[in-house]
Amino acid sequence: MKKSVLSMIVLVLVLGMFVPTMAQEDVTLSVLWFNDANESEVFLDTIQPYLDENPNIKIDMQVVAFSDYEKKIKMLLSGDSAPDIARVTNNQIPVFLSELEPIAPYIEDIKDVESAFMAASLAFAKNENDEIIAYPTEATANGMIVNKTAFEKAGVDVAEVSKTWTWTEWEEIIKKVIAVEGNPTYGLALDFTPHRFSTLLFEFGGRMMNDDYTAVNFSNEKTVETITWFKRMHDEKLIPESVWLGSENPAELFQAGVVACHIGGSWNINVYAKNIKDFEWMVVVPPKGEIVSSVPGGKFVASFKSSKNKEEAQKLMAWFSEDGPNAKYCCDTFNLSSRIDSSVEYPSNTSDFAAFSEALKATPVYVANEWKNPVLSQISPIIKEQIVLALMGDITPADAAAEIDKKGAEMMK
Amino acid sequence: MKSIRLESRSASRGNFHQLLAPLLFIAPAFFIFFWFIIVPAFQGLRMSFMDYSFFSESTFVGIQNFSRLMSDKVFWITVKNTIYYSFITVALLTIFSLIAGLLLHDNTLKGVKVFRASMYIPSLLSMITVGIAWRFILGDQMGIVNYLLRTFGHDGMQWLTSRSTAMSSVIFVSIWAQTGYYMVIMLSGLQAIPHELYEAAEIDGANSLNAFWHITLPLLKSTVLAVMVLATIASFKAYELISVMTQGGPGYSTKLIVQQIYQVAFTEDRLGYASSMSVVLMIIIGLFTLLQFRIVGSEYDYE
Amino acid sequence: MIMNNRNIFRVLHYALLIILTAFFLFPVLWVVLSSFKPQSELFQIPIQIMPQQWTFENYIEAMSRGDFVQYFANSVFVSVTATIITVLISIMAGYGFSKYIFVGRDFLFIVMLATLMIPLQVIMVPIFLQLKASGLLNTLWGIIIPPSATPTGIFLARQYMATLPNSMIEAARIDGAEESRIFFHIILPLSKPIVATITIFSFMWRWNDYLWPLIVILDDKKQTIQQALANFVGQLQINWSQLLAMTTVAIIPVVIIFLVFQKYFMTGISAGAVKG
């Protein structure tokens with residue numbers, strides 16, 4: 001499939017050299033992509049109808065490993081070799097913000113785009129002039145996934161209790177659950193990233209930045225309280241130390257039945273649906289703290305100011321972002337759609353996706369607005385380190401928060 | 001020192017060809033280095049005096065990066081960790097690769113090919129694969145060692161999670177991953193020692209321990225030096241395996257210089273500051289390398 | 001009595017080797033065996049070493065993602081070509097550095113060795129621009145030439161040749177042999193062990209090289225096997241099953257090269273050559 005596309009490109013390129021004048025000029029769009037699963041193939045597959053309709057458009061795709069994806073783009077940009085289209089994450093958009101091409105000049109009415117996507121996704125996709133510079137494709141949400149079977153063994157109907165539970169109730173219930181012989185030994189695992197940690201933090205009513213997003217501000221009562229709570233959970237062995245202190249993967253622990261709950265992202269549905277055979281699991285509403293909150297994230301496609309074929313790239317991206325192609329792409333990659341009106345229908349796990357979607361819709365706007373600030377991505381390793389130091393008891397949670405703020409202030413300069 | 005005398009004897013006979021020849025021998029390698037590494041490296045050196053980031057104006061700031069480095073607590077923690085890590089790793093790697101080389105030196109040994117290959121294979125795996133394989137062995141919850149300990153009623157150890165064991169575990173795995181590589185270097189050096197010397201020693205009634213001290217070790221000196229220098233450079237630049245296994249944690253326990261450099265360069269987007277760290281790193285490695293040349297001595301003679 | 005001692009020694013020798021081999025191979029064995037497990041078996045407690053249900057699916061799926069035959073071919077071409085160049089360049093430079101004296105020799109050698117100490121990723125952008133200026137961007141030659149001059153290879157060659165006696169070279173010069181003749185006819189044949197070592201290493205370095213292709217290649221058709229492997233590691237998920245399967249496939253060529261070339265270790269130096 002891919003090979004035939006490639007050989008066609010070669011053929012057309014060769015022919016192109018001999019036939020310099022053609023009715024419609026051939027354009028080869030360079031596409032830069034990274035994969036979590038097989039998104040690159042699904043993308044090519046999805047845009048095939050568009051390519052059939054526009055035979056002058058060819059695609060030249062390079063897939064680069066995520067760990068070096070940002071470096072690759074930086075290199076390409078400094079060498080004036082920007083790709084025409086690139087897949088970017090919500091963390092990467094702030095990095096390339098000034099380099100991304102606004103989409104408004106290329107479409108009839110920008111309001112159509114404004115109204116088609118979720119507010120959280122759009123928040124990430126705007127530059128400092130409030131111009132949209134990327135099309136949202138799939139969205140991610142953070143939430144809680146539970147081992148339903150383990151709860152059942154403790155006589156708890158988790159689907160029912162999770163409708164209204166608070167963190168205090170959760171703690172009581174989970175202690176019962178892990179006391180049952182043969183059940184998971186730990187209550188909760190949380191991915192080792194500040195992004196997932198912020199799920200807890202926002203739930204507890206905490207903030208990472210001040211109200212006008214001009215400074216990092218972890219030193220507020222609720223955020224410090226979150227870190228304190230997180231430490232207590234570790235000390236009471238409800239959360240395994242091996243994740244934040246030892247880099248064991250929570251998704252693996254959940255699959256192995258070591259933890260009863262996992263605060264992770266919507267992408268886990270894909271893996272769990274495939275791999276978990278020994279017990280039943282489901283996505284639930286996370287326990288209520290001050291509020292119930294998710295943390296949005298997602299992927300986008302964008303073109304650069306220095307791209308050579310902006311016009312054609314923008315046309316293709318606009319087409320790809322319409323409901324039809326978007327729904328197919330999200331369905332085949334097993335992801336949430338960023339579109340409000342999405343007609344995506346998943347072959348399974350519909351209720352799990354719905355639970356994540358609901359959580360996203362309940363999420364306050366400031367969550368996305370905080371995370372779109374580049375400084376949080378830049379100090380992300382420092383946030384991790386300081387929280388871990390607090391967990392180890394080297395410093396107090398308040399000290400950790402103060403240190404994060406200090407580093408943030410240094411980076412904001 | 002003796003060899004220098006020997007060499008100067010040969011050089012004193014030097015004609016034009018003998019003066020030009022070494023330059024021609026070195027030229028291809030040098031041109032490639034110069035063009036693809038040294039020229040870009042000077043750009044890097046320049047960056048270390050700049051406030052440099054990818055998409056904003058870069059400005060010269062003089063030695064500001066270096067003076068800030070002096071008071072950067074985390075950087076010096078990573079320097080300390082790296083020196084500790086390197087010292088132990090290099091010492092153990094040198095000893096183990098020498099032992100492995102000696103054990104597998106005998107070509108008539110049955111199955112020697114298979115044994116050699118088995119020890120070499122770990123150095124072929126990418127660090128992420130090594131990381132997952134060892135996490136499967138040393139992991140708190142998912143690890144086989146702890147699984148076995150638990151079946152025998154022990155609680156299990158926090159190999160990678162506790163600050164008292166994390167560094168040792170990481171060093172252990174580094175040794176596992178690299179011994180085979182340095183063993184190959186040792187083997188090539190061992191093969192260069194003429195058998196006649198051992199035969200002569202045996203006739204003189206020397207036992208194998210004597211032969212080792214008086215023949216093998218002196219003649220293997222330059223190989224051992226090569227192993228030590230290469231292992232030192234590699235250890236000072238290590239970060240991949242550790243970032244897979246512990247991400248530098250818990251806390252700063254296993255964080256090494258290069259991980260910090262890449263974090264500052266790419267996550268924090270402060271390339272200038274990262275360059276100044278790289279310059280300091282190079283100076284540290286350079287000093288250790290010179291020290292090794294001094295202690296082991298790069299000279300060799302045959303008498 | 002002596003015989004007896006020898007036998008005990010032999011047995012101990014083998015016992016030690018077998019223990020060591022088991023230690024070195026066990027994690028590798030886990031990688032290989034796990035590549036035949038369905039993904040659902042990978043993270044399971046109680047831990048199983050053997051697959052309960054053998055499957056080739058990981059291999060089939062991994063191969064179908066992208067044009068692995070092409071990646072493999074690229075990697076073979078790059079590794080073989082680069083290795084030939086590296087061996088030649090290293091042996092020549094190693095000889096130049098060890099058997100001649102000239103002004104600035106030690107300085108040049110230290111400069112070369114120092115390039116090993118640079119964390120390359122920090123100067124990735126300048127390297128990229130330099131490659132672009134040289135017209136090597138997006139060509140396989142761009143992954144072959146720049147890393148082919150490796151300080152490690154030169155250093156190993158220098159250290160090895162240092163142990164070759166100067167007397168032979170002297171004698172040849174007295175006989176009126178030219179410098180190039182001495183190199184090709186006397187030094188090179190004596191250097192088989194180090195040629196084998198550098199061949200084994202260079203093939204492995206280029207085969208496992210990830211950084212240079214990352215900098216140079218802009219086009220899927222020119223990707224190498226290591227880039228394809230790295231693609232199994234995503235932002236949010238790692239495709240362990242396929243990664244392990246392809247890792248297993250990818251180490252086979254390097255092991256073959258090792259097995260083929262290690263026999264040249266055996267051709268150490270003959271008596272006559274040394275006594276010269």
# chains A, B, ... in the order shown; residues from 1 in each chain; ligands from 1

$ residues_around --residues "Lys237 (chain B)" --least-positions-apart "3" --cutoff "12 Å" --atoms "only C-alpha atoms" --output "ChimeraX atom specification"
/B:78-79,82-83,85-86,230-234,240-242,255-262,278,281-282,284-285 /C:116-121

$ closest_atom_pairs --of "chain A" --to "chain B" --cutoff "10 Å" --atoms "only C-alpha atoms" --output "JSON lines"
{"residue": "A:Asp68", "atom": "CA", "partner": "B:Phe266", "partner_atom": "CA", "distance": 9.7}
{"residue": "A:Glu70", "atom": "CA", "partner": "B:Phe266", "partner_atom": "CA", "distance": 8.4}
{"residue": "A:Lys71", "atom": "CA", "partner": "B:Phe266", "partner_atom": "CA", "distance": 7.4}
{"residue": "A:Lys74", "atom": "CA", "partner": "B:Phe54", "partner_atom": "CA", "distance": 7.2}
{"residue": "A:Met75", "atom": "CA", "partner": "B:Phe54", "partner_atom": "CA", "distance": 9.4}
{"residue": "A:Leu77", "atom": "CA", "partner": "B:Phe54", "partner_atom": "CA", "distance": 9.3}
{"residue": "A:Ser78", "atom": "CA", "partner": "B:Phe54", "partner_atom": "CA", "distance": 8.1}
{"residue": "A:Val95", "atom": "CA", "partner": "B:Phe55", "partner_atom": "CA", "distance": 8.6}
{"residue": "A:Phe96", "atom": "CA", "partner": "B:Phe55", "partner_atom": "CA", "distance": 7.9}
{"residue": "A:Leu97", "atom": "CA", "partner": "B:Phe55", "partner_atom": "CA", "distance": 9.4}
{"residue": "A:Ser98", "atom": "CA", "partner": "B:Phe55", "partner_atom": "CA", "distance": 7.8}
{"residue": "A:Glu99", "atom": "CA", "partner": "B:Phe55", "partner_atom": "CA", "distance": 8.1}
{"residue": "A:Thr185", "atom": "CA", "partner": "B:Gln141", "partner_atom": "CA", "distance": 9.7}
{"residue": "A:Pro240", "atom": "CA", "partner": "B:Gln141", "partner_atom": "CA", "distance": 8.6}
{"residue": "A:Glu241", "atom": "CA", "partner": "B:Thr161", "partner_atom": "CA", "distance": 6.9}
{"residue": "A:Ser242", "atom": "CA", "partner": "B:Thr161", "partner_atom": "CA", "distance": 5.5}
{"residue": "A:Val243", "atom": "CA", "partner": "B:Thr161", "partner_atom": "CA", "distance": 8.3}
{"residue": "A:Trp244", "atom": "CA", "partner": "B:Pro250", "partner_atom": "CA", "distance": 7.6}
{"residue": "A:Leu245", "atom": "CA", "partner": "B:Pro250", "partner_atom": "CA", "distance": 4.6}
{"residue": "A:Gly246", "atom": "CA", "partner": "B:Thr161", "partner_atom": "CA", "distance": 4.1}
{"residue": "A:Ser247", "atom": "CA", "partner": "B:Thr246", "partner_atom": "CA", "distance": 5.5}
{"residue": "A:Glu248", "atom": "CA", "partner": "B:Gly139", "partner_atom": "CA", "distance": 7.0}
{"residue": "A:Asn249", "atom": "CA", "partner": "B:Met142", "partner_atom": "CA", "distance": 9.6}
{"residue": "A:Glu252", "atom": "CA", "partner": "B:Met142", "partner_atom": "CA", "distance": 8.4}
{"residue": "A:Leu253", "atom": "CA", "partner": "B:Met142", "partner_atom": "CA", "distance": 7.5}
{"residue": "A:Ala256", "atom": "CA", "partner": "B:Met142", "partner_atom": "CA", "distance": 8.1}
{"residue": "A:Val258", "atom": "CA", "partner": "B:Gln141", "partner_atom": "CA", "distance": 7.5}
{"residue": "A:Pro374", "atom": "CA", "partner": "B:Glu268", "partner_atom": "CA", "distance": 9.4}
{"residue": "A:Val375", "atom": "CA", "partner": "B:Glu268", "partner_atom": "CA", "distance": 8.2}
{"residue": "A:Leu376", "atom": "CA", "partner": "B:Glu268", "partner_atom": "CA", "distance": 9.7}
{"residue": "A:Ser377", "atom": "CA", "partner": "B:Thr267", "partner_atom": "CA", "distance": 7.2}
{"residue": "A:Gln378", "atom": "CA", "partner": "B:Glu268", "partner_atom": "CA", "distance": 4.4}
{"residue": "A:Ile379", "atom": "CA", "partner": "B:Glu268", "partner_atom": "CA", "distance": 6.6}
{"residue": "A:Ser380", "atom": "CA", "partner": "B:Thr267", "partner_atom": "CA", "distance": 8.0}
{"residue": "A:Pro381", "atom": "CA", "partner": "B:Gln263", "partner_atom": "CA", "distance": 7.8}
{"residue": "A:Ile382", "atom": "CA", "partner": "B:Gln263", "partner_atom": "CA", "distance": 9.7}
{"residue": "A:Lys384", "atom": "CA", "partner": "B:Gly251", "partner_atom": "CA", "distance": 8.6}
{"residue": "A:Glu385", "atom": "CA", "partner": "B:Gly251", "partner_atom": "CA", "distance": 5.5}
{"residue": "A:Gln386", "atom": "CA", "partner": "B:Gly251", "partner_atom": "CA", "distance": 7.5}
{"residue": "A:Ile387", "atom": "CA", "partner": "B:Gly251", "partner_atom": "CA", "distance": 8.6}
{"residue": "A:Val388", "atom": "CA", "partner": "B:Gly251", "partner_atom": "CA", "distance": 5.6}
{"residue": "A:Leu389", "atom": "CA", "partner": "B:Gly251", "partner_atom": "CA", "distance": 5.3}
{"residue": "A:Ala390", "atom": "CA", "partner": "B:Gly251", "partner_atom": "CA", "distance": 9.0}
{"residue": "A:Leu391", "atom": "CA", "partner": "B:Gly251", "partner_atom": "CA", "distance": 9.1}
{"residue": "A:Met392", "atom": "CA", "partner": "B:Gly251", "partner_atom": "CA", "distance": 7.8}
{"residue": "A:Asp394", "atom": "CA", "partner": "B:Gly251", "partner_atom": "CA", "distance": 9.1}
{"residue": "A:Met411", "atom": "CA", "partner": "B:Glu268", "partner_atom": "CA", "distance": 7.9}

$ residues_around --residues "Ala139 (chain A)" --least-positions-apart "3" --cutoff "10 Å" --atoms "only C-alpha atoms" --output "VMD selection string"
chain A and resid 89 to 90 118 120 to 121 136 266 to 267 296 to 300 330 335 to 339 357 360

$ write_last_selection --atoms "C-alpha atoms" --output "CSV table (one decimal), in the first residue's frame"
chain,number,residue,atom,x,y,z
A,89,THR,CA,1.4,17.6,20.3
A,90,ASN,CA,-0.1,20.2,22.5
A,118,MET,CA,-13.6,21.7,21.6
A,120,ALA,CA,-9.7,23.0,25.1
A,121,SER,CA,-8.3,21.8,21.8
A,136,PRO,CA,-6.8,19.7,16.2
A,266,SER,CA,-7.6,8.0,27.1
A,267,TRP,CA,-4.9,6.4,24.9
A,296,PRO,CA,-6.9,17.9,28.0
A,297,GLY,CA,-4.2,17.2,25.6
A,298,GLY,CA,-4.0,16.2,22.0
A,299,LYS,CA,-2.4,16.1,18.6
A,300,PHE,CA,-2.6,18.6,15.8
A,330,CYS,CA,-10.0,8.8,15.3
A,335,ASN,CA,-8.8,8.0,20.0
A,336,LEU,CA,-11.1,10.8,21.1
A,337,SER,CA,-12.0,13.3,18.4
A,338,SER,CA,-11.2,17.0,19.0
A,339,ARG,CA,-14.4,17.9,17.1
A,357,SER,CA,-15.3,12.9,26.8
A,360,LEU,CA,-13.2,16.7,29.3

$ interface_residues --of "chain C" --to "chain B" --cutoff "6 Å" --atoms "only C-alpha atoms" --output "list in words"
Phe24, Pro27, Ile89, Met92, Ala93, Gly96, Met117, Ile123, Pro126, Ile127, Pro146, Ala149, Gln159, Pro193, Gly268 and Ile269 of chain C

$ atom_distance --atom1 "CA of Gln62 (chain A)" --atom2 "CA of Ala318 (chain A)"
20.6 Å

$ closest_atom_pairs --of "chain A" --to "chain C" --cutoff "9 Å" --atoms "only C-alpha atoms" --output "tab-separated table"
residue	atom	partner	partner_atom	distance
A:Lys2	CA	C:Gly66	CA	7.3
A:Lys3	CA	C:Asp67	CA	7.0
A:Leu6	CA	C:Lys221	CA	8.2
A:Ser30	CA	C:Asp219	CA	8.8
A:Leu32	CA	C:Leu218	CA	9.0
A:Phe34	CA	C:Asn231	CA	7.2
A:Asn35	CA	C:Gly234	CA	5.6
A:Asp36	CA	C:Gly234	CA	4.1
A:Ala37	CA	C:Asn239	CA	7.0
A:Asn38	CA	C:Arg65	CA	7.8
A:Glu41	CA	C:Arg65	CA	8.0
A:Asp60	CA	C:Asp219	CA	7.2
A:Met61	CA	C:Asp220	CA	6.3
A:Gln62	CA	C:Asp220	CA	4.9
A:Val63	CA	C:Asp220	CA	7.0
A:Val64	CA	C:Asn231	CA	6.3
A:Ala65	CA	C:Asn231	CA	4.4
A:Phe66	CA	C:Gly234	CA	5.4
A:Ser67	CA	C:Gln235	CA	7.3
A:Asp68	CA	C:Leu214	CA	8.1
A:Lys71	CA	C:Met124	CA	8.6
A:Lys72	CA	C:Ile215	CA	7.2
A:Lys74	CA	C:Val125	CA	8.0
A:Met75	CA	C:Val125	CA	5.5
A:Leu76	CA	C:Phe128	CA	8.5
A:Ser78	CA	C:Val125	CA	7.2
A:Gly79	CA	C:Leu129	CA	6.0
A:Glu252	CA	C:Phe43	CA	5.9
A:Leu253	CA	C:Phe43	CA	7.7
A:Gln255	CA	C:Phe43	CA	6.5
A:Ala256	CA	C:Gln44	CA	4.7
A:Gly257	CA	C:Ile45	CA	7.6
A:Val258	CA	C:Ile45	CA	8.4
A:Gly265	CA	C:Leu236	CA	8.6
A:Trp267	CA	C:Leu236	CA	7.5
A:Asn268	CA	C:Gln237	CA	8.2
A:Val271	CA	C:Gln237	CA	8.5
A:Tyr272	CA	C:Ser40	CA	8.9
A:Lys274	CA	C:Ser40	CA	7.2
A:Asn275	CA	C:Ser40	CA	4.1
A:Ile276	CA	C:Ser40	CA	6.3
A:Lys277	CA	C:Ser40	CA	7.3

$ atom_distance --atom1 "CA of Val283 (chain A)" --atom2 "CA of Val177 (chain A)"
17.1 Å

$ atom_distance --atom1 "CA of Ser321 (chain A)" --atom2 "CA of Tyr366 (chain A)"
25.2 Å

$ select_by_dssp --residues "region 125-247 of chain C" --states "alpha helix (DSSP H)" --output "JSON, numbers by chain"
{"C": [125, 126, 127, 128, 129, 130, 131, 132, 133, 141, 142, 143, 144, 151, 152, 153, 154, 155, 156, 157, 158, 159, 160, 161, 162, 166, 167, 168, 169, 170, 171, 172, 173, 174, 179, 180, 181, 182, 188, 189, 190, 192, 193, 194, 195, 196, 197, 198, 199, 200, 201, 202, 203, 204, 205, 206, 207, 208, 211, 212, 213, 214, 215, 216, 225, 226, 227, 228, 229, 230, 240, 241, 242, 243, 244, 245, 246, 247]}

$ residues_around --residues "Thr248 (chain C)" --least-positions-apart "4" --cutoff "8 Å" --atoms "only C-alpha atoms" --output "ChimeraX atom specification"
/C:31-32,35,244,252
